[in-house]
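Asks: Got structure_30.cif for you, mmCIF, C-alpha atoms:
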```cif
data_run
#
loop_
_atom_site.group_PDB
_atom_site.id
_atom_site.type_symbol
_atom_site.label_atom_id
_atom_site.label_comp_id
_atom_site.auth_asym_id
_atom_site.auth_seq_id
_atom_site.Cartn_x
_atom_site.Cartn_y
_atom_site.Cartn_z
ATOM 1 C CA MET S 462 -19.046 -11.426 -69.837
ATOM 2 C CA ARG S 463 -16.627 -11.860 -72.725
ATOM 3 C CA SER S 464 -15.594 -15.294 -73.949
ATOM 4 C CA GLU S 465 -12.039 -16.318 -73.140
ATOM 5 C CA PRO S 466 -10.172 -17.690 -76.143
ATOM 6 C CA PRO S 467 -6.660 -18.999 -75.505
ATOM 7 C CA PRO S 468 -3.882 -16.397 -75.296
ATOM 8 C CA LEU S 469 -1.853 -15.508 -78.374
ATOM 9 C CA LEU S 470 1.347 -16.696 -76.734
ATOM 10 C CA PRO S 471 1.393 -19.326 -73.975
ATOM 11 C CA ILE S 472 3.608 -17.263 -71.685
ATOM 12 C CA PHE S 473 1.026 -15.418 -69.591
ATOM 13 C CA ARG S 474 -0.758 -17.079 -66.690
ATOM 14 C CA SER S 475 -4.138 -16.160 -68.167
ATOM 15 C CA ARG S 476 -5.700 -13.942 -70.814
ATOM 16 C CA HIS S 477 -6.951 -11.644 -68.039
ATOM 17 C CA GLN S 478 -3.419 -11.200 -66.749
ATOM 18 C CA ALA S 479 -2.154 -10.372 -70.239
ATOM 19 C CA GLU S 480 -4.995 -7.893 -70.854
ATOM 20 C CA LEU S 481 -4.346 -6.242 -67.486
ATOM 21 C CA LEU S 482 -0.630 -5.883 -68.236
ATOM 22 C CA ALA S 483 -1.328 -4.603 -71.753
ATOM 23 C CA LEU S 484 -3.768 -1.990 -70.490
ATOM 24 C CA LEU S 485 -1.270 -0.701 -67.908
ATOM 25 C CA TYR S 486 1.985 -0.990 -69.860
ATOM 26 C CA LEU S 487 0.545 0.580 -73.008
ATOM 27 C CA ARG S 488 -0.712 3.542 -70.953
ATOM 28 C CA PRO S 489 2.230 3.902 -68.568
ATOM 29 C CA GLU S 490 1.394 7.488 -67.614
ATOM 30 C CA GLN S 491 -2.080 6.545 -66.331
ATOM 31 C CA GLU S 492 -3.229 5.212 -62.979
ATOM 32 C CA PHE S 493 -6.418 3.174 -62.639
ATOM 33 C CA THR S 494 -8.558 2.178 -59.691
ATOM 34 C CA LEU S 495 -9.149 -1.528 -59.141
ATOM 35 C CA THR S 496 -12.832 -1.062 -59.957
ATOM 36 C CA ASP S 497 -12.032 0.633 -63.258
ATOM 37 C CA LEU S 498 -9.544 -2.104 -64.194
ATOM 38 C CA ALA S 499 -12.051 -4.863 -63.385
ATOM 39 C CA LYS S 500 -14.686 -3.166 -65.533
ATOM 40 C CA ARG S 501 -12.332 -2.600 -68.481
ATOM 41 C CA ILE S 502 -11.051 -6.175 -68.471
ATOM 42 C CA GLY S 503 -14.457 -7.707 -67.767
ATOM 43 C CA VAL S 504 -13.656 -9.704 -64.621
ATOM 44 C CA PRO S 505 -15.113 -9.670 -61.087
ATOM 45 C CA LEU S 506 -13.391 -7.247 -58.721
ATOM 46 C CA THR S 507 -12.166 -10.093 -56.467
ATOM 47 C CA THR S 508 -10.465 -11.804 -59.444
ATOM 48 C CA LEU S 509 -8.839 -8.527 -60.443
ATOM 49 C CA GLN S 510 -7.621 -7.893 -56.876
ATOM 50 C CA ARG S 511 -5.909 -11.304 -56.768
ATOM 51 C CA GLU S 512 -4.258 -10.727 -60.151
ATOM 52 C CA VAL S 513 -3.054 -7.246 -59.188
ATOM 53 C CA GLY S 514 -1.733 -8.649 -55.899
ATOM 54 C CA ARG S 515 0.385 -11.228 -57.751
ATOM 55 C CA LEU S 516 1.753 -8.599 -60.153
ATOM 56 C CA LEU S 517 2.536 -6.147 -57.340
ATOM 57 C CA GLN S 518 4.403 -8.919 -55.534
ATOM 58 C CA ALA S 519 6.327 -9.700 -58.745
ATOM 59 C CA ASP S 520 7.273 -5.999 -58.912
ATOM 60 C CA LEU S 521 5.640 -5.540 -62.342
ATOM 61 C CA LEU S 522 3.046 -3.049 -61.079
ATOM 62 C CA ALA S 523 3.156 -0.102 -58.688
ATOM 63 C CA GLY S 524 0.316 0.998 -56.446
ATOM 64 C CA ARG S 525 -0.566 3.799 -54.084
ATOM 65 C CA ARG S 526 -3.525 4.733 -51.941
ATOM 66 C CA VAL S 527 -5.447 7.985 -52.209
ATOM 67 C CA GLY S 528 -8.116 7.983 -49.543
ATOM 68 C CA ARG S 529 -9.983 4.702 -49.965
ATOM 69 C CA ALA S 530 -8.945 4.271 -53.606
ATOM 70 C CA HIS S 531 -6.083 1.983 -54.552
ATOM 71 C CA LEU S 532 -4.422 3.344 -57.718
ATOM 72 C CA ILE S 533 -2.438 0.986 -59.937
ATOM 73 C CA ARG S 534 0.008 1.673 -62.777
ATOM 74 C CA ALA S 535 2.772 -0.099 -64.696
ATOM 75 C CA LYS S 536 6.155 -0.203 -62.994
ATOM 76 C CA THR S 537 8.163 1.301 -65.829
ATOM 77 C CA SER S 538 11.433 1.549 -63.908
ATOM 78 C CA GLY S 539 11.874 -2.215 -63.643
ATOM 79 C CA ARG S 540 14.294 -4.151 -65.834
ATOM 80 C CA TYR S 541 11.430 -6.114 -67.421
ATOM 81 C CA ALA S 542 9.458 -3.013 -68.413
ATOM 82 C CA ARG S 543 10.878 -2.463 -71.905
ATOM 83 C CA PRO S 544 10.810 -6.085 -73.193
ATOM 84 C CA LEU S 545 7.416 -6.685 -71.569
ATOM 85 C CA THR S 546 6.001 -3.550 -73.205
ATOM 86 C CA GLU S 547 7.295 -4.672 -76.606
ATOM 87 C CA LEU S 548 5.827 -8.149 -76.191
ATOM 88 C CA LEU S 549 2.455 -6.812 -75.020
ATOM 89 C CA THR S 550 2.370 -4.280 -77.856
ATOM 90 C CA LEU S 551 2.808 -7.001 -80.469
ATOM 91 C CA THR S 552 0.396 -9.513 -78.944
ATOM 92 C CA PHE S 553 -2.363 -7.732 -77.014
ATOM 93 C CA GLY S 554 -1.609 -4.147 -77.926
ATOM 94 C CA PRO S 555 -3.328 -3.453 -81.231
ATOM 95 C CA HIS S 556 -6.864 -3.104 -79.883
ATOM 96 C CA THR S 557 -5.624 -0.907 -77.016
ATOM 97 C CA LEU S 558 -3.648 1.347 -79.363
ATOM 98 C CA VAL S 559 -6.479 1.493 -81.904
ATOM 99 C CA GLU S 560 -8.873 2.538 -79.138
ATOM 100 C CA GLN S 561 -6.489 5.293 -78.016
ATOM 101 C CA GLU S 562 -5.801 6.692 -81.464
ATOM 102 C CA PHE S 563 -9.365 6.510 -82.799
ATOM 103 C CA ALA S 564 -11.044 7.906 -79.663
ATOM 104 C CA ALA S 565 -10.851 11.495 -80.911
ATOM 105 C CA VAL S 566 -11.925 10.793 -84.507
ATOM 106 C CA ARG S 567 -15.337 12.366 -85.008
ATOM 107 C CA GLU S 568 -18.340 10.646 -86.593
ATOM 108 C CA VAL S 569 -17.071 7.165 -85.680
ATOM 109 C CA GLU S 570 -19.809 4.853 -84.386
ATOM 110 C CA ALA S 571 -17.710 1.716 -83.869
ATOM 111 C CA VAL S 572 -14.256 0.317 -84.622
ATOM 112 C CA GLY S 573 -13.282 -3.315 -85.048
ATOM 113 C CA ILE S 574 -10.155 -5.261 -85.955
ATOM 114 C CA PHE S 575 -10.549 -8.148 -88.399
ATOM 115 C CA GLY S 576 -8.213 -10.313 -90.472
ATOM 116 C CA SER S 577 -5.181 -12.270 -89.313
ATOM 117 C CA TRP S 578 -4.607 -10.365 -86.057
ATOM 118 C CA ALA S 579 -8.222 -10.919 -84.953
ATOM 119 C CA SER S 580 -7.906 -14.609 -85.880
ATOM 120 C CA ARG S 581 -4.779 -15.036 -83.737
ATOM 121 C CA TYR S 582 -6.372 -13.036 -80.891
ATOM 122 C CA ARG S 583 -9.432 -15.312 -80.969
ATOM 123 C CA GLY S 584 -7.183 -18.353 -80.703
ATOM 124 C CA GLU S 585 -7.073 -19.574 -84.304
ATOM 125 C CA PRO S 586 -3.670 -21.085 -85.154
ATOM 126 C CA GLY S 587 -1.531 -19.549 -87.842
ATOM 127 C CA PRO S 588 1.530 -17.419 -88.493
ATOM 128 C CA PRO S 589 1.998 -14.120 -86.664
ATOM 129 C CA PRO S 590 0.063 -11.309 -88.374
ATOM 130 C CA ASN S 591 1.993 -9.052 -90.745
ATOM 131 C CA ASP S 592 -0.557 -6.236 -90.634
ATOM 132 C CA ILE S 593 -3.651 -4.966 -88.816
ATOM 133 C CA ASP S 594 -6.989 -4.617 -90.630
ATOM 134 C CA ILE S 595 -9.335 -2.054 -89.063
ATOM 135 C CA MET S 596 -13.004 -1.501 -89.844
ATOM 136 C CA VAL S 597 -14.444 1.918 -88.984
ATOM 137 C CA ILE S 598 -18.234 2.230 -88.959
ATOM 138 C CA GLY S 599 -19.633 5.717 -89.433
ATOM 139 C CA ARG S 600 -18.951 8.766 -91.579
ATOM 140 C CA PRO S 601 -15.621 10.115 -90.300
ATOM 141 C CA SER S 602 -13.225 12.232 -92.304
ATOM 142 C CA ARG S 603 -11.079 9.927 -94.434
ATOM 143 C CA ALA S 604 -8.021 12.040 -93.590
ATOM 144 C CA ASP S 605 -8.676 11.704 -89.827
ATOM 145 C CA VAL S 606 -9.033 7.922 -90.121
ATOM 146 C CA TYR S 607 -5.805 7.569 -92.098
ATOM 147 C CA GLU S 608 -3.918 9.839 -89.703
ATOM 148 C CA ALA S 609 -5.097 7.724 -86.737
ATOM 149 C CA ALA S 610 -4.117 4.539 -88.618
ATOM 150 C CA ASP S 611 -0.667 6.010 -89.328
ATOM 151 C CA ARG S 612 -0.164 6.729 -85.627
ATOM 152 C CA VAL S 613 -1.077 3.133 -84.743
ATOM 153 C CA GLU S 614 1.247 1.891 -87.493
ATOM 154 C CA ARG S 615 4.170 3.917 -86.135
ATOM 155 C CA ARG S 616 3.594 2.562 -82.621
ATOM 156 C CA LEU S 617 3.170 -1.083 -83.691
ATOM 157 C CA GLY S 618 5.733 -1.174 -86.476
ATOM 158 C CA VAL S 619 3.377 -3.059 -88.839
ATOM 159 C CA PRO S 620 1.101 -1.794 -91.645
ATOM 160 C CA VAL S 621 -2.409 -0.749 -90.555
ATOM 161 C CA ASN S 622 -5.186 -0.940 -93.170
ATOM 162 C CA PRO S 623 -8.381 0.964 -92.351
ATOM 163 C CA VAL S 624 -11.708 0.385 -94.115
ATOM 164 C CA ILE S 625 -14.511 2.924 -93.629
ATOM 165 C CA LEU S 626 -18.068 1.601 -93.774
ATOM 166 C CA PRO S 627 -21.124 3.833 -93.366
ATOM 167 C CA ARG S 628 -23.712 2.293 -91.009
ATOM 168 C CA GLU S 629 -26.069 1.490 -93.920
ATOM 169 C CA ARG S 630 -23.366 -0.497 -95.696
ATOM 170 C CA TRP S 631 -22.454 -2.411 -92.500
ATOM 171 C CA GLU S 632 -26.117 -3.409 -92.142
ATOM 172 C CA GLU S 633 -26.377 -4.450 -95.817
ATOM 173 C CA ALA S 634 -26.299 -8.258 -95.806
ATOM 174 C CA ALA S 635 -25.487 -8.597 -99.527
ATOM 175 C CA ASP S 636 -22.283 -6.527 -99.434
ATOM 176 C CA PRO S 637 -19.316 -8.880 -100.174
ATOM 177 C CA LEU S 638 -16.840 -6.994 -97.957
ATOM 178 C CA VAL S 639 -19.283 -6.883 -95.042
ATOM 179 C CA GLU S 640 -20.025 -10.581 -95.547
ATOM 180 C CA GLN S 641 -16.312 -11.372 -95.443
ATOM 181 C CA ILE S 642 -15.754 -9.352 -92.265
ATOM 182 C CA ARG S 643 -18.833 -10.779 -90.513
ATOM 183 C CA SER S 644 -17.853 -14.362 -91.341
ATOM 184 C CA SER S 645 -14.354 -14.053 -89.840
ATOM 185 C CA PRO S 646 -13.156 -13.243 -86.302
ATOM 186 C CA LEU S 647 -13.765 -9.634 -85.337
ATOM 187 C CA VAL S 648 -12.446 -7.860 -82.246
ATOM 188 C CA TRP S 649 -14.506 -4.798 -81.323
ATOM 189 C CA VAL S 650 -12.559 -1.892 -79.891
ATOM 190 C CA GLY S 651 -13.917 0.110 -76.969
ATOM 191 C CA GLU S 652 -17.405 -0.539 -75.645
ATOM 192 C CA PRO S 653 -18.353 -4.231 -75.384
ATOM 193 C CA SER S 654 -21.930 -3.347 -76.390
ATOM 194 C CA ARG S 655 -20.639 -2.789 -79.902
ATOM 195 C CA GLU S 656 -20.260 -6.545 -80.277
ATOM 196 C CA SER S 657 -23.985 -6.785 -80.830
ATOM 197 C CA THR S 658 -23.877 -4.115 -83.538
#
```
Write the structure described by the file as structure tokens, please.

Replies:
Amino acid sequence: MRSEPPPLLPIFRSRHQAELLALLYLRPEQEFTLTDLAKRIGVPLTTLQREVGRLLQADLLAGRRVGRAHLIRAKTSGRYARPLTELLTLTFGPHTLVEQEFAAVREVEAVGIFGSWASRYRGEPGPPPNDIDIMVIGRPSRADVYEAADRVERRLGVPVNPVILPRERWEEAADPLVEQIRSSPLVWVGEPSREST
């Protein structure tokens, strides 16, 4: 189970609620089952069901049944949809957008966000981040990485700075850049198992 640092902005009921809304509003064309949402957010299914129930009642989510499955998506026709999407994009969105844009980049073993955004996300006080620092572990094409970073940058409206580290360099304890990244907050993108990398 992931640790729960305080939310970036004290306007959501809980971090889980904010992560649920970010996942759905930043992928408005997708529907998810309750089980899939619980797994992605890292909460028990019963907790997720209660949270979805509250958001359905508030008319922020839409749901439909297909057989025994209950499919959930963002309610993009509501009057709160646009401002809520913008707020979620700036606060909880970077790791979701990075995951989307880097998913198709070949030869990537892991992706993490470090620097000021990761510090705010982990609950450290400070000014809002002015950029997003991304670490890419593996041997991907430099052009592919920079194209993915450019797509994230266009969607977020802030500079995105990728750093490519081959696996051997990431495992090298004496490397100053690796030391710096390891000693500061780091938000892994995608599979939680990467946190132990």

Asks: Give me the result of the PyMOL selection byres ((chain S and resi 594) around 7) on this file, residue by residue, as a compact mmCIF listing (two decimals) with C-alpha atoms, keeping the file's coordinate frame.

Replies:
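Saved result, out_17.txt, follows:
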```txt
# COMPACT_ATOMS: atom_id res chain seq x y z
CA ILE S 574 -10.15 -5.26 -85.96
CA PHE S 575 -10.55 -8.15 -88.40
CA GLY S 576 -8.21 -10.31 -90.47
CA ASP S 592 -0.56 -6.24 -90.63
CA ILE S 593 -3.65 -4.97 -88.82
CA ILE S 595 -9.34 -2.05 -89.06
CA MET S 596 -13.00 -1.50 -89.84
CA VAL S 621 -2.41 -0.75 -90.56
CA ASN S 622 -5.19 -0.94 -93.17
CA PRO S 623 -8.38 0.96 -92.35
```

Asks: Smallest atom-to-atom distance to Gln518 in chain S: which of S:His556, S:Arg630, S:Arg612, S:Lys536, using only C-alpha atoms?

Replies: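 Result for the nearest residue to Gln518 in chain S: S:Lys536.
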
Asks: As a check of understanding, name the residues that the PyMOL selection byres ((chain S and resi 497) around 12) selects in the supplied structure, as a list of chain:residue names.

Replies: S:Leu481, S:Leu484, S:Leu485, S:Gln491, S:Glu492, S:Phe493, S:Thr494, S:Leu495, S:Thr496, S:Leu498, S:Ala499, S:Lys500, S:Arg501, S:Ile502, S:Gly503, S:Val504, S:Pro505, S:Leu506, S:Leu509, S:Gln510, S:Ala530, S:His531, S:Leu532, S:Ile533

Asks: Would you mind telling me which residue in S:Gly587, S:Pro627, S:Gly618, S:Gly539 lies nearest to Leu517 in chain S when using only C-alpha atoms?

Replies: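 Of the candidates, the smallest distance to Leu517 in chain S is held by S:Gly539.
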
Asks: Output the residue selection produced by the PyMOL selection byres ((chain S and resi 589) around 12) on the file above, formatted as JSON, numbers by chain.

Replies: {"S": [469, 470, 551, 552, 576, 577, 578, 579, 580, 581, 582, 584, 585, 586, 587, 588, 590, 591, 592, 593, 619]}

Asks: Looking at S:Leu487, S:Ala610, S:Val624, S:Val648, which one is nearest to Glu547 in chain S, with distances taken over all atoms listed in the file?

Replies: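 Distance minimum relative to Glu547 in chain S lands on S:Leu487.
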
Asks: Could you state the separation of CA of Leu482 in chain S and CA of Arg583 in chain S in Å, given to one decimal place?

Replies: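 CA of Leu482 in chain S sits 18.1 Å away from CA of Arg583 in chain S.
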